[in-house]
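Report on the following structure.
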Amino acid sequence: MAHLQPLKFVQVLPKAKHTATVFFMHGLGDSGAGWAPVADMLSEKLPHVKWILPNARTQPVTVNWGMDSPSWFDIYTLGDRSMPQREDERGMLDSVVSIEALVADEIEKNNIPSERIIVGGFSQGGALSMLFGTTTKHKLGGIVVLSAWLPLRDKIASMVSPELKTLPIFQGHGVQDAIVQCEWGRLSGEYLKEKFGVKVAEPGKLKEGGIIFKTYQGLLHGASDEEIEDLSKWLQEVLPNN
């Protein structure tokens, strides 16, 4: 893993005093810049938050006929009803290490407490955020998982964070998603609840941890205004301006 170069990233700077940071990872074939307009829009209600939008490295992706694409890890199959059985463990763990380096820099160089850091992502980036958030040594402010799933389920028990039970988790998924099935998201949340005792988040007590899993009728593999508004409200509660 020592061969990995630091990730490049796009930033959306806070509009007020910087007291919290959100890392958000894009999906397959996209870039950090692709989510900058969403971060900028959310900044209106979260002026104290800096957004860091990392760019995945370019690599061959099996599901794209081996063509080079910005990708956090290789993907062998998508669109199946059942969750992936064959996974690029090395690629996933390399990307976890890269995100860890960015988070550590934010804590050490910018004096942002880990409890004031959210790690999230969409699709492949959401899978990475779920893997990172459930295994990191840091006590994060929460994780955001949009249209994604929990990878490495067979191995995660030996890696799971002691902070997982108190980790706020926002999951959002389109019911009509044919790329990453909505069922993948539901099963991922159920796995965390059944295997590790993660609770369902209580309204008004989101900072105490637990999962919110919201589904959106008519939404394909993407984000909707309703989902972004729900995310905004969740972020305002778990990362208040203080």
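How things are named: the first chain in the structure tokens is A, the next is B, and so on; residues count from 1 in each chain; ligands count from 1 in the order shown.
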What's around stretch 182-190 of chain A at 12 Å? Count only C-alpha atoms, leave out sequence neighbours fewer than 2 positions away in its own chain, and write the answer as a VMD selection string.
chain A and resid 78 to 84 122 to 123 126 to 127 130 to 131 134 144 to 153 156 169 to 180 192 to 201 210 to 222
Compile the contact shell of A:Ala16 as a list in words: residues with an atom at most 10 Å away, counting only C-alpha atoms, same-chain residues fewer than 6 positions apart removed.
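Result of the neighbour search: Ser43, Leu46, Pro47, His48, Val49, Lys50 and Asn241 of chain A.
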d(atom CA of A:Glu106, atom CA of A:Glu237) in Å:
21.3 Å
Report as a list in words all protein, DNA and RNA residues lying within 9 Å of A:Gly125, evaluated on only C-alpha atoms, omitting residues in the same chain fewer than 6 positions from it.
Phe24, Met25, His26, Gly27, Leu28, Ala56, Ser71, Trp72, Val145, Leu146 and Ala148 of chain A
With N, CA and C atoms retained, write the just-selected residues as a PDB file, in the first residue's frame.
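What landed in selection04.pdb:
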```pdb
ATOM      1  N   PHE A  24     -16.828  13.498   0.675  1.00  0.00           N
ATOM      2  CA  PHE A  24     -17.851  12.814  -0.115  1.00  0.00           C
ATOM      3  C   PHE A  24     -17.211  12.227  -1.366  1.00  0.00           C
ATOM      4  N   MET A  25     -17.392  10.906  -1.536  1.00  0.00           N
ATOM      5  CA  MET A  25     -16.758  10.185  -2.637  1.00  0.00           C
ATOM      6  C   MET A  25     -17.761   9.924  -3.768  1.00  0.00           C
ATOM      7  N   HIS A  26     -17.348  10.237  -4.966  1.00  0.00           N
ATOM      8  CA  HIS A  26     -18.183  10.085  -6.155  1.00  0.00           C
ATOM      9  C   HIS A  26     -18.345   8.614  -6.543  1.00  0.00           C
ATOM     10  N   GLY A  27     -19.216   8.380  -7.529  1.00  0.00           N
ATOM     11  CA  GLY A  27     -19.435   7.042  -8.056  1.00  0.00           C
ATOM     12  C   GLY A  27     -18.501   6.713  -9.202  1.00  0.00           C
ATOM     13  N   LEU A  28     -18.618   5.498  -9.703  1.00  0.00           N
ATOM     14  CA  LEU A  28     -17.779   4.997 -10.785  1.00  0.00           C
ATOM     15  C   LEU A  28     -17.838   5.916 -12.008  1.00  0.00           C
ATOM     16  N   ALA A  56     -11.172   9.579  -7.403  1.00  0.00           N
ATOM     17  CA  ALA A  56     -10.646   8.207  -7.458  1.00  0.00           C
ATOM     18  C   ALA A  56      -9.552   8.104  -8.508  1.00  0.00           C
ATOM     19  N   SER A  71     -12.181   5.036 -10.502  1.00  0.00           N
ATOM     20  CA  SER A  71     -12.840   3.961  -9.748  1.00  0.00           C
ATOM     21  C   SER A  71     -12.126   3.746  -8.418  1.00  0.00           C
ATOM     22  N   TRP A  72     -12.909   3.556  -7.370  1.00  0.00           N
ATOM     23  CA  TRP A  72     -12.332   3.314  -6.047  1.00  0.00           C
ATOM     24  C   TRP A  72     -11.842   1.880  -5.900  1.00  0.00           C
ATOM     25  N   VAL A 145     -24.464   7.198   3.057  1.00  0.00           N
ATOM     26  CA  VAL A 145     -24.399   6.089   2.098  1.00  0.00           C
ATOM     27  C   VAL A 145     -25.569   6.239   1.129  1.00  0.00           C
ATOM     28  N   LEU A 146     -25.293   6.761  -0.068  1.00  0.00           N
ATOM     29  CA  LEU A 146     -26.346   6.984  -1.054  1.00  0.00           C
ATOM     30  C   LEU A 146     -26.248   5.945  -2.165  1.00  0.00           C
ATOM     31  N   ALA A 148     -25.984   2.699  -2.287  1.00  0.00           N
ATOM     32  CA  ALA A 148     -24.764   1.899  -2.116  1.00  0.00           C
ATOM     33  C   ALA A 148     -25.021   0.719  -1.187  1.00  0.00           C
TER      34      ALA A 148
END
```
Skipping near chain neighbours, those fewer than 2 positions away, what residues fall within 10 Å of A:Val12 using only C-alpha atoms, listed as a VMD selection string?
chain A and resid 10 14 to 15 22 33 35 to 40 43 49 to 53
For the residues selected in the previous step, produce a file with C-alpha atoms as a PDB file, in the first residue's frame.
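Okay, this is what ended up in part39.pdb:
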```pdb
ATOM      1  CA  VAL A  10     -11.930  19.309  -5.044  1.00  0.00           C
ATOM      2  CA  PRO A  14     -17.075  27.033   4.191  1.00  0.00           C
ATOM      3  CA  LYS A  15     -18.988  30.305   4.042  1.00  0.00           C
ATOM      4  CA  VAL A  22     -17.631  16.431   5.054  1.00  0.00           C
ATOM      5  CA  ALA A  33     -16.206  18.009  -9.321  1.00  0.00           C
ATOM      6  CA  TRP A  35     -20.682  16.565  -6.661  1.00  0.00           C
ATOM      7  CA  ALA A  36     -19.419  20.128  -6.124  1.00  0.00           C
ATOM      8  CA  PRO A  37     -22.786  21.721  -7.088  1.00  0.00           C
ATOM      9  CA  VAL A  38     -24.560  19.584  -4.473  1.00  0.00           C
ATOM     10  CA  ALA A  39     -21.971  20.505  -1.836  1.00  0.00           C
ATOM     11  CA  ASP A  40     -22.322  24.172  -2.746  1.00  0.00           C
ATOM     12  CA  SER A  43     -23.452  24.888   2.146  1.00  0.00           C
ATOM     13  CA  VAL A  49     -18.758  22.944   6.800  1.00  0.00           C
ATOM     14  CA  LYS A  50     -15.879  22.442   4.390  1.00  0.00           C
ATOM     15  CA  TRP A  51     -16.473  19.829   1.706  1.00  0.00           C
ATOM     16  CA  ILE A  52     -13.612  17.676   0.448  1.00  0.00           C
ATOM     17  CA  LEU A  53     -14.496  15.746  -2.710  1.00  0.00           C
TER      18      LEU A  53
END
```
Which of stretch 44-238 of chain A DSSP labels alpha helix (DSSP H), written as a ChimeraX atom specification:
/A:89-110,124-135,182-196,225-238
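Near A:Gln59, within 12 Å and counting only C-alpha atoms, sit Leu28, Gly29, Asn64, Trp65, Gly66, Met67, Asp68, Ser69, Pro70, Ser71, Trp72, Phe73, Asp74, Ile75 and Gly91 of chain A, not including residues fewer than 5 positions from it in the same chain.
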Using only C-alpha atoms for the distances, tell me which of A:Met159, A:Phe23, A:Thr58, A:Asp225 is nearest to A:Leu93.
A:Met159
Spatial neighbours of A:Asn55, 7 Å, only C-alpha atoms, chain gap at least 5 places, as a count of residues only
5
Given only C-alpha atoms as the counted atoms, nearest of A:His18, A:His138, A:Arg86, A:Arg116 to A:Glu100
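Looking at the shortest contact to A:Glu100, the residue is A:His138.
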Å distance separating atom CA of A:Val61 from atom CA of A:Gln181, one decimal place:
19.5 Å
Please report the interatomic distance between atom CA of A:Ser158 and atom CA of A:Ile143 in Å with one decimal.
19.9 Å
